[in-house]
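This is query25.csv (CSV, N, CA and C atoms).
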```
chain,number,residue,atom,x,y,z
E,90,MET,N,0.8,-1.2,0.0
E,90,MET,CA,0.0,0.0,0.0
E,90,MET,C,0.9,1.2,0.0
E,91,SER,N,0.5,2.2,-0.8
E,91,SER,CA,1.3,3.4,-0.9
E,91,SER,C,0.5,4.6,-0.2
E,92,ASN,N,1.3,5.5,0.3
E,92,ASN,CA,0.7,6.7,1.0
E,92,ASN,C,0.6,7.9,0.1
E,93,THR,N,0.7,7.6,-1.2
E,93,THR,CA,0.6,8.7,-2.2
E,93,THR,C,-0.9,9.0,-2.5
E,94,LYS,N,-1.2,10.3,-2.8
E,94,LYS,CA,-2.5,10.7,-3.0
E,94,LYS,C,-2.8,10.6,-4.5
E,95,ASP,N,-4.0,10.1,-4.9
E,95,ASP,CA,-4.4,10.0,-6.3
E,95,ASP,C,-5.0,11.4,-6.7
E,96,THR,N,-4.2,12.1,-7.5
E,96,THR,CA,-4.7,13.4,-7.9
E,96,THR,C,-5.3,13.4,-9.3
E,97,SER,N,-5.6,12.3,-9.9
E,97,SER,CA,-6.1,12.2,-11.2
E,97,SER,C,-7.6,12.4,-11.2
E,98,ASN,N,-8.3,12.4,-10.0
E,98,ASN,CA,-9.7,12.5,-9.9
E,98,ASN,C,-10.0,14.0,-9.5
E,99,PRO,N,-10.6,14.8,-10.4
E,99,PRO,CA,-10.9,16.2,-10.1
E,99,PRO,C,-11.8,16.4,-8.9
E,100,GLN,N,-12.8,15.5,-8.7
E,100,GLN,CA,-13.7,15.6,-7.6
E,100,GLN,C,-13.0,15.4,-6.3
E,101,LEU,N,-12.1,14.5,-6.2
E,101,LEU,CA,-11.3,14.4,-5.0
E,101,LEU,C,-10.5,15.6,-4.7
E,102,GLU,N,-9.9,16.2,-5.7
E,102,GLU,CA,-9.1,17.4,-5.5
E,102,GLU,C,-10.0,18.6,-5.0
E,103,GLN,N,-11.2,18.7,-5.6
E,103,GLN,CA,-12.1,19.8,-5.1
E,103,GLN,C,-12.5,19.6,-3.7
E,104,GLN,N,-12.9,18.3,-3.4
E,104,GLN,CA,-13.3,18.0,-2.0
E,104,GLN,C,-12.2,18.2,-1.0
E,105,SER,N,-11.0,17.8,-1.3
E,105,SER,CA,-9.8,18.1,-0.5
E,105,SER,C,-9.6,19.5,-0.3
E,106,SER,N,-9.8,20.3,-1.3
E,106,SER,CA,-9.6,21.8,-1.2
E,106,SER,C,-10.6,22.4,-0.3
E,107,GLN,N,-11.9,22.0,-0.4
E,107,GLN,CA,-12.9,22.5,0.4
E,107,GLN,C,-12.7,22.1,1.9
E,108,GLU,N,-12.2,20.9,2.1
E,108,GLU,CA,-12.0,20.4,3.5
E,108,GLU,C,-10.9,21.2,4.2
E,109,SER,N,-9.9,21.6,3.4
E,109,SER,CA,-8.7,22.3,4.0
E,109,SER,C,-9.0,23.8,4.3
E,110,GLN,N,-10.2,24.3,3.8
E,110,GLN,CA,-10.6,25.7,4.1
E,110,GLN,C,-11.1,25.7,5.5
E,111,THR,N,-10.6,26.7,6.3
E,111,THR,CA,-11.1,26.9,7.7
E,111,THR,C,-12.4,27.6,7.6
E,112,PRO,N,-13.2,27.4,8.7
E,112,PRO,CA,-14.5,28.1,8.7
E,112,PRO,C,-14.3,29.6,8.7
E,113,HIS,N,-13.2,30.1,9.2
E,113,HIS,CA,-13.0,31.6,9.2
E,113,HIS,C,-12.8,32.1,7.7
E,114,GLU,N,-12.1,31.3,6.9
E,114,GLU,CA,-11.9,31.7,5.5
E,114,GLU,C,-13.2,31.8,4.7
E,115,SER,N,-14.0,30.8,4.9
E,115,SER,CA,-15.2,30.7,4.1
E,115,SER,C,-16.3,31.7,4.6
E,116,SER,N,-16.2,32.2,5.8
E,116,SER,CA,-17.2,33.1,6.3
E,116,SER,C,-16.8,34.6,6.2
E,117,ASP,N,-15.6,34.9,5.8
E,117,ASP,CA,-15.1,36.3,5.6
E,117,ASP,C,-16.0,37.0,4.7
E,118,SER,N,-16.3,36.5,3.5
E,118,SER,CA,-17.1,37.2,2.5
E,118,SER,C,-18.5,37.4,3.0
E,119,ASN,N,-19.0,36.4,3.8
E,119,ASN,CA,-20.4,36.5,4.3
E,119,ASN,C,-20.5,37.5,5.4
E,120,ALA,N,-19.5,37.7,6.2
E,120,ALA,CA,-19.5,38.6,7.3
E,120,ALA,C,-19.5,40.1,6.8
E,121,ALA,N,-18.8,40.3,5.7
E,121,ALA,CA,-18.8,41.7,5.1
E,121,ALA,C,-20.2,42.0,4.5
E,122,ASP,N,-21.0,41.0,4.0
E,122,ASP,CA,-22.3,41.2,3.4
E,122,ASP,C,-23.4,41.2,4.5
E,123,ARG,N,-23.1,40.7,5.6
E,123,ARG,CA,-24.1,40.5,6.7
E,123,ARG,C,-24.5,41.9,7.3
E,124,ARG,N,-25.8,42.1,7.4
E,124,ARG,CA,-26.2,43.4,8.1
E,124,ARG,C,-26.2,43.1,9.6
E,125,PRO,N,-25.7,44.1,10.4
E,125,PRO,CA,-25.6,43.9,11.8
E,125,PRO,C,-27.0,43.9,12.5
E,126,SER,N,-27.1,43.2,13.6
E,126,SER,CA,-28.3,43.2,14.3
E,126,SER,C,-28.6,44.5,15.0
E,127,PRO,N,-29.8,44.8,15.4
E,127,PRO,CA,-30.1,46.1,16.0
E,127,PRO,C,-29.2,46.4,17.3
E,128,MET,N,-29.0,45.3,18.1
E,128,MET,CA,-28.2,45.5,19.3
E,128,MET,C,-26.7,45.9,18.9
E,129,GLU,N,-26.2,45.2,17.8
E,129,GLU,CA,-24.9,45.6,17.4
E,129,GLU,C,-24.8,47.0,16.9
E,130,VAL,N,-25.8,47.5,16.2
E,130,VAL,CA,-25.9,48.8,15.7
E,130,VAL,C,-25.9,49.8,16.9
E,131,LEU,N,-26.7,49.5,17.9
E,131,LEU,CA,-26.8,50.4,19.1
E,131,LEU,C,-25.5,50.5,19.8
E,132,ARG,N,-24.8,49.4,20.0
E,132,ARG,CA,-23.5,49.4,20.6
E,132,ARG,C,-22.5,50.2,19.8
E,133,GLN,N,-22.5,50.0,18.5
E,133,GLN,CA,-21.5,50.7,17.6
E,133,GLN,C,-21.8,52.2,17.6
E,134,ALA,N,-23.1,52.5,17.6
E,134,ALA,CA,-23.4,54.0,17.5
E,134,ALA,C,-23.0,54.7,18.8
E,135,ARG,N,-23.3,54.1,20.0
E,135,ARG,CA,-22.9,54.7,21.2
E,135,ARG,C,-21.4,54.8,21.3
E,136,GLY,N,-20.6,53.8,21.0
E,136,GLY,CA,-19.2,53.8,21.1
E,136,GLY,C,-18.6,54.8,20.1
E,137,GLN,N,-19.1,54.9,18.9
E,137,GLN,CA,-18.5,55.8,17.9
E,137,GLN,C,-18.8,57.3,18.3
E,138,LEU,N,-20.0,57.5,18.8
E,138,LEU,CA,-20.4,58.9,19.3
E,138,LEU,C,-19.5,59.3,20.5
E,139,GLU,N,-19.3,58.4,21.4
E,139,GLU,CA,-18.5,58.7,22.6
E,139,GLU,C,-17.0,59.0,22.1
E,140,GLU,N,-16.5,58.2,21.2
E,140,GLU,CA,-15.2,58.4,20.7
E,140,GLU,C,-15.0,59.8,20.0
E,141,LEU,N,-16.0,60.2,19.2
E,141,LEU,CA,-15.9,61.4,18.5
E,141,LEU,C,-16.1,62.6,19.4
E,142,THR,N,-17.1,62.6,20.3
E,142,THR,CA,-17.4,63.7,21.1
E,142,THR,C,-16.6,63.8,22.5
E,143,GLY,N,-16.2,62.6,22.9
E,143,GLY,CA,-15.5,62.6,24.2
E,143,GLY,C,-16.5,62.6,25.4
E,144,MET,N,-17.8,62.5,25.1
E,144,MET,CA,-18.9,62.5,26.1
E,144,MET,C,-19.6,61.1,26.2
E,145,ALA,N,-20.0,60.8,27.4
E,145,ALA,CA,-20.6,59.5,27.6
E,145,ALA,C,-22.0,59.5,27.1
E,146,ALA,N,-22.4,58.5,26.3
E,146,ALA,CA,-23.7,58.3,25.9
E,146,ALA,C,-24.5,57.5,27.0
E,147,GLU,N,-25.5,58.1,27.5
E,147,GLU,CA,-26.2,57.5,28.6
E,147,GLU,C,-27.4,56.6,28.2
E,148,SER,N,-28.1,56.9,27.1
E,148,SER,CA,-29.2,56.1,26.7
E,148,SER,C,-29.5,56.4,25.2
E,149,VAL,N,-30.3,55.5,24.6
E,149,VAL,CA,-30.8,55.7,23.3
E,149,VAL,C,-32.3,55.9,23.4
E,150,SER,N,-32.8,57.1,23.0
E,150,SER,CA,-34.2,57.4,23.2
E,150,SER,C,-35.0,57.2,21.9
E,151,SER,N,-34.4,57.0,20.8
E,151,SER,CA,-35.1,56.7,19.5
E,151,SER,C,-34.1,55.9,18.7
E,152,PHE,N,-34.7,54.9,17.9
E,152,PHE,CA,-34.0,54.0,17.1
E,152,PHE,C,-34.8,53.5,16.0
E,153,GLU,N,-34.4,53.7,14.7
E,153,GLU,CA,-35.2,53.2,13.6
E,153,GLU,C,-34.3,52.9,12.4
E,154,GLN,N,-34.7,51.9,11.6
E,154,GLN,CA,-34.0,51.6,10.4
E,154,GLN,C,-34.6,52.5,9.3
E,155,THR,N,-33.7,53.0,8.5
E,155,THR,CA,-34.1,53.9,7.4
E,155,THR,C,-33.7,53.3,6.1
E,156,GLU,N,-34.0,53.9,5.0
E,156,GLU,CA,-33.6,53.5,3.6
E,156,GLU,C,-32.1,53.6,3.5
E,157,GLU,N,-31.5,54.6,4.2
E,157,GLU,CA,-30.0,54.8,4.1
E,157,GLU,C,-29.2,54.1,5.2
E,158,GLY,N,-29.9,53.4,6.1
E,158,GLY,CA,-29.2,52.7,7.2
E,158,GLY,C,-30.0,52.7,8.5
E,159,TRP,N,-29.5,53.5,9.5
E,159,TRP,CA,-30.1,53.6,10.8
E,159,TRP,C,-30.1,55.1,11.2
E,160,SER,N,-31.1,55.4,12.1
E,160,SER,CA,-31.2,56.7,12.7
E,160,SER,C,-31.5,56.6,14.1
E,161,LEU,N,-30.7,57.2,15.0
E,161,LEU,CA,-30.9,57.1,16.4
E,161,LEU,C,-30.9,58.5,17.1
E,162,GLU,N,-31.5,58.6,18.2
E,162,GLU,CA,-31.4,59.8,19.1
E,162,GLU,C,-30.7,59.3,20.4
E,163,VAL,N,-29.6,59.9,20.7
E,163,VAL,CA,-28.8,59.4,21.8
E,163,VAL,C,-28.7,60.5,22.8
E,164,GLU,N,-28.9,60.2,24.1
E,164,GLU,CA,-28.9,61.1,25.2
E,164,GLU,C,-27.5,61.1,25.8
E,165,VAL,N,-26.8,62.2,25.9
E,165,VAL,CA,-25.4,62.4,26.3
E,165,VAL,C,-25.3,63.3,27.5
E,166,LEU,N,-24.4,63.0,28.4
E,166,LEU,CA,-24.1,63.9,29.5
E,166,LEU,C,-23.0,64.8,29.0
E,167,GLU,N,-23.4,66.1,28.9
E,167,GLU,CA,-22.5,67.1,28.4
E,167,GLU,C,-21.7,67.8,29.5
E,168,LEU,N,-22.3,68.1,30.6
E,168,LEU,CA,-21.7,68.8,31.7
E,168,LEU,C,-22.2,68.3,33.0
E,169,GLU,N,-21.3,67.7,33.8
E,169,GLU,CA,-21.8,67.1,35.1
E,169,GLU,C,-21.7,68.2,36.1
E,170,ARG,N,-22.8,68.3,36.9
E,170,ARG,CA,-22.9,69.3,37.9
E,170,ARG,C,-23.4,68.7,39.2
E,171,VAL,N,-23.3,69.4,40.3
E,171,VAL,CA,-23.8,69.0,41.6
E,171,VAL,C,-24.9,70.0,42.0
E,172,PRO,N,-26.1,69.6,42.4
E,172,PRO,CA,-26.5,68.2,42.4
E,172,PRO,C,-26.7,67.7,40.9
E,173,ASP,N,-26.8,66.3,40.8
E,173,ASP,CA,-26.9,65.7,39.5
E,173,ASP,C,-28.1,66.2,38.7
E,174,THR,N,-29.1,66.6,39.3
E,174,THR,CA,-30.3,67.0,38.6
E,174,THR,C,-30.1,68.3,37.8
E,175,MET,N,-29.0,69.0,38.1
E,175,MET,CA,-28.6,70.2,37.4
E,175,MET,C,-27.6,69.9,36.2
E,176,SER,N,-27.2,68.7,36.1
E,176,SER,CA,-26.2,68.4,35.0
E,176,SER,C,-26.9,68.7,33.6
E,177,LEU,N,-26.0,69.1,32.7
E,177,LEU,CA,-26.5,69.4,31.3
E,177,LEU,C,-26.5,68.1,30.5
E,178,MET,N,-27.6,67.8,29.9
E,178,MET,CA,-27.7,66.7,29.0
E,178,MET,C,-28.0,67.2,27.6
E,179,ALA,N,-27.8,66.4,26.6
E,179,ALA,CA,-28.1,66.7,25.2
E,179,ALA,C,-28.6,65.5,24.5
E,180,SER,N,-29.4,65.8,23.5
E,180,SER,CA,-29.9,64.7,22.6
E,180,SER,C,-29.2,64.9,21.2
E,181,TYR,N,-28.6,63.9,20.7
E,181,TYR,CA,-27.9,63.9,19.5
E,181,TYR,C,-28.6,63.0,18.5
E,182,GLN,N,-28.8,63.5,17.3
E,182,GLN,CA,-29.4,62.8,16.2
E,182,GLN,C,-28.1,62.1,15.5
E,183,VAL,N,-28.1,60.8,15.4
E,183,VAL,CA,-27.0,60.0,14.9
E,183,VAL,C,-27.5,59.2,13.7
E,184,GLU,N,-26.7,59.3,12.6
E,184,GLU,CA,-27.1,58.6,11.4
E,184,GLU,C,-25.9,57.6,11.1
E,185,LEU,N,-26.4,56.4,10.7
E,185,LEU,CA,-25.4,55.3,10.5
E,185,LEU,C,-25.7,54.7,9.1
E,186,ASP,N,-24.7,54.1,8.5
E,186,ASP,CA,-24.9,53.4,7.2
E,186,ASP,C,-25.5,52.0,7.5
E,187,PRO,N,-25.9,51.2,6.5
E,187,PRO,CA,-26.5,49.9,6.8
E,187,PRO,C,-25.6,49.0,7.6
E,188,GLN,N,-24.3,49.1,7.5
E,188,GLN,CA,-23.3,48.3,8.3
E,188,GLN,C,-23.1,48.8,9.7
E,189,GLY,N,-23.7,49.9,10.1
E,189,GLY,CA,-23.6,50.4,11.5
E,189,GLY,C,-22.5,51.4,11.7
E,190,GLN,N,-21.9,51.9,10.6
E,190,GLN,CA,-20.8,52.9,10.7
E,190,GLN,C,-21.4,54.3,10.7
E,191,LEU,N,-21.0,55.1,11.7
E,191,LEU,CA,-21.5,56.5,11.8
E,191,LEU,C,-21.2,57.3,10.6
E,192,THR,N,-22.2,58.0,10.1
E,192,THR,CA,-22.0,58.8,8.9
E,192,THR,C,-22.2,60.3,9.2
E,193,GLY,N,-22.9,60.6,10.4
E,193,GLY,CA,-23.1,61.9,10.8
E,193,GLY,C,-23.8,62.0,12.1
E,194,TYR,N,-23.7,63.2,12.8
E,194,TYR,CA,-24.4,63.4,14.0
E,194,TYR,C,-24.6,64.9,14.2
E,195,ARG,N,-25.6,65.3,15.0
E,195,ARG,CA,-25.8,66.7,15.3
E,195,ARG,C,-26.6,66.8,16.6
E,196,ARG,N,-26.3,67.8,17.4
E,196,ARG,CA,-27.0,68.0,18.6
E,196,ARG,C,-28.4,68.7,18.3
E,197,VAL,N,-29.4,68.1,18.8
E,197,VAL,CA,-30.8,68.6,18.5
E,197,VAL,C,-31.5,69.2,19.7
E,198,ARG,N,-30.9,69.0,20.9
E,198,ARG,CA,-31.6,69.5,22.1
E,198,ARG,C,-30.6,69.5,23.2
E,199,ARG,N,-30.7,70.5,24.1
E,199,ARG,CA,-29.8,70.6,25.3
E,199,ARG,C,-30.7,70.9,26.5
E,200,TYR,N,-30.6,70.3,27.6
E,200,TYR,CA,-31.5,70.5,28.7
E,200,TYR,C,-30.8,70.0,30.0
E,201,GLU,N,-31.4,70.5,31.1
E,201,GLU,CA,-30.9,70.1,32.5
E,201,GLU,C,-31.6,68.7,32.8
E,202,ARG,N,-30.8,67.9,33.4
E,202,ARG,CA,-31.3,66.5,33.7
E,202,ARG,C,-32.6,66.5,34.4
E,203,GLY,N,-32.8,67.4,35.4
E,203,GLY,CA,-33.9,67.3,36.2
E,203,GLY,C,-35.2,68.0,35.6
E,204,ARG,N,-35.1,68.5,34.4
E,204,ARG,CA,-36.2,69.2,33.8
E,204,ARG,C,-36.9,68.4,32.8
E,205,ALA,N,-38.2,68.4,32.9
E,205,ALA,CA,-39.1,67.7,31.9
E,205,ALA,C,-39.3,68.7,30.7
E,206,ASP,N,-39.6,68.1,29.5
E,206,ASP,CA,-40.0,68.9,28.4
E,206,ASP,C,-41.2,69.7,28.7
E,207,ALA,N,-41.4,70.9,28.1
E,207,ALA,CA,-42.6,71.6,28.3
E,207,ALA,C,-43.8,70.8,27.7
E,208,ARG,N,-44.9,70.8,28.4
E,208,ARG,CA,-46.1,70.1,27.9
E,208,ARG,C,-46.6,70.7,26.6
E,209,ARG,N,-46.8,69.8,25.7
E,209,ARG,CA,-47.4,70.3,24.4
E,209,ARG,C,-48.9,69.9,24.3
E,210,SER,N,-49.6,70.7,23.5
E,210,SER,CA,-51.0,70.4,23.4
E,210,SER,C,-51.2,69.1,22.7
E,211,GLY,N,-52.3,68.4,23.0
E,211,GLY,CA,-52.6,67.1,22.3
E,211,GLY,C,-52.0,66.0,23.0
E,212,GLY,N,-51.4,66.2,24.2
E,212,GLY,CA,-50.8,65.1,25.0
E,212,GLY,C,-49.5,64.6,24.5
E,213,ARG,N,-48.8,65.4,23.6
E,213,ARG,CA,-47.5,64.9,23.0
E,213,ARG,C,-46.4,65.8,23.6
```

Turn this file's structure into structure tokens for me.
Amino acid sequence: MSNTKDTSNPQLEQQSSQESQTPHESSDSNAADRRPSPMEVLRQARGQLEELTGMAAESVSSFEQTEEGWSLEVEVLELERVPDTMSLMASYQVELDPQGQLTGYRRVRRYERGRADARRSGGR
């Protein structure tokens, strides 16, 4: 019996080639095409906004999928004060592409932590 491999059969060569591929190699192209889950998008958005602004993202008050990707409103601590109810907070509108990469942000509101929004007519 010989330990040499019979390479005259193309099907055996193809099978051997597929078996030698690691799962990591075959999933690389799929990972790039895969759309992130909503939780992954939330984590990425908060982390990217914190990195860009240097301010801690405390919560996400709005989150939706759009035709261009994702749109979020993130509440950020802008200026810590004592007592805590006097700290300055801000709402940032954050836009992300379909893969969850931040494409833009802007501050849409600034308020003291202890203050509620003014009551609007119609219960909104």

**OP:** Measuring atom to atom with all atoms listed in the file, identify which of E:Gln188, E:Arg196, E:Asp206, E:Ala179 is nearest to Ser126 in chain E.
**Re:** E:Gln188

**OP:** Enumerate the residues of range 154-198 of chain E with a DSSP assignment of strand (DSSP E or B), computed from the backbone, and present them as a ChimeraX atom specification.
**Re:** /E:154,159-168,177-185,191-198

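In terms of minimum interatomic distance to Arg199 in chain E, E:Met178 ranks closest within E:Leu185, E:Leu161, E:Met178, E:Val130, counting all atoms listed in the file.
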
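Of note, atom N of Gln182 in chain E and atom N of Gly158 in chain E are spaced 15.1 Å apart.
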
Subject >> Nearby residues (all atoms listed in the file) at most 6.5 Å from range 170-174 of chain E, same-chain spacing under 3 positions excluded, as a list in words >> reply: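 The filter keeps Leu177, Glu201, Arg202, Gly203 and Arg204 of chain E.
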
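Atom C of Arg198 in chain E to atom C of Val163 in chain E spans 9.2 Å [interatomic distance, one decimal].
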
Original post:
What is the CA of Arg195 in chain E-atom N of Arg135 in chain E distance in Å, reported with one decimal?
Top reply: 13.7 Å

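Comparing the minimum interatomic distances between Gly189 in chain E and each of E:Glu140, E:Leu166, E:Ser148, E:Gln154, counting only C-alpha atoms, we find that E:Gln154 sits nearest.
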
**OP:** Find the residue from E:Tyr181, E:Tyr194, E:Pro187, E:Glu153 that sits nearest to Pro125 in chain E; use all atoms listed in the file when measuring.
**Re:** E:Pro187
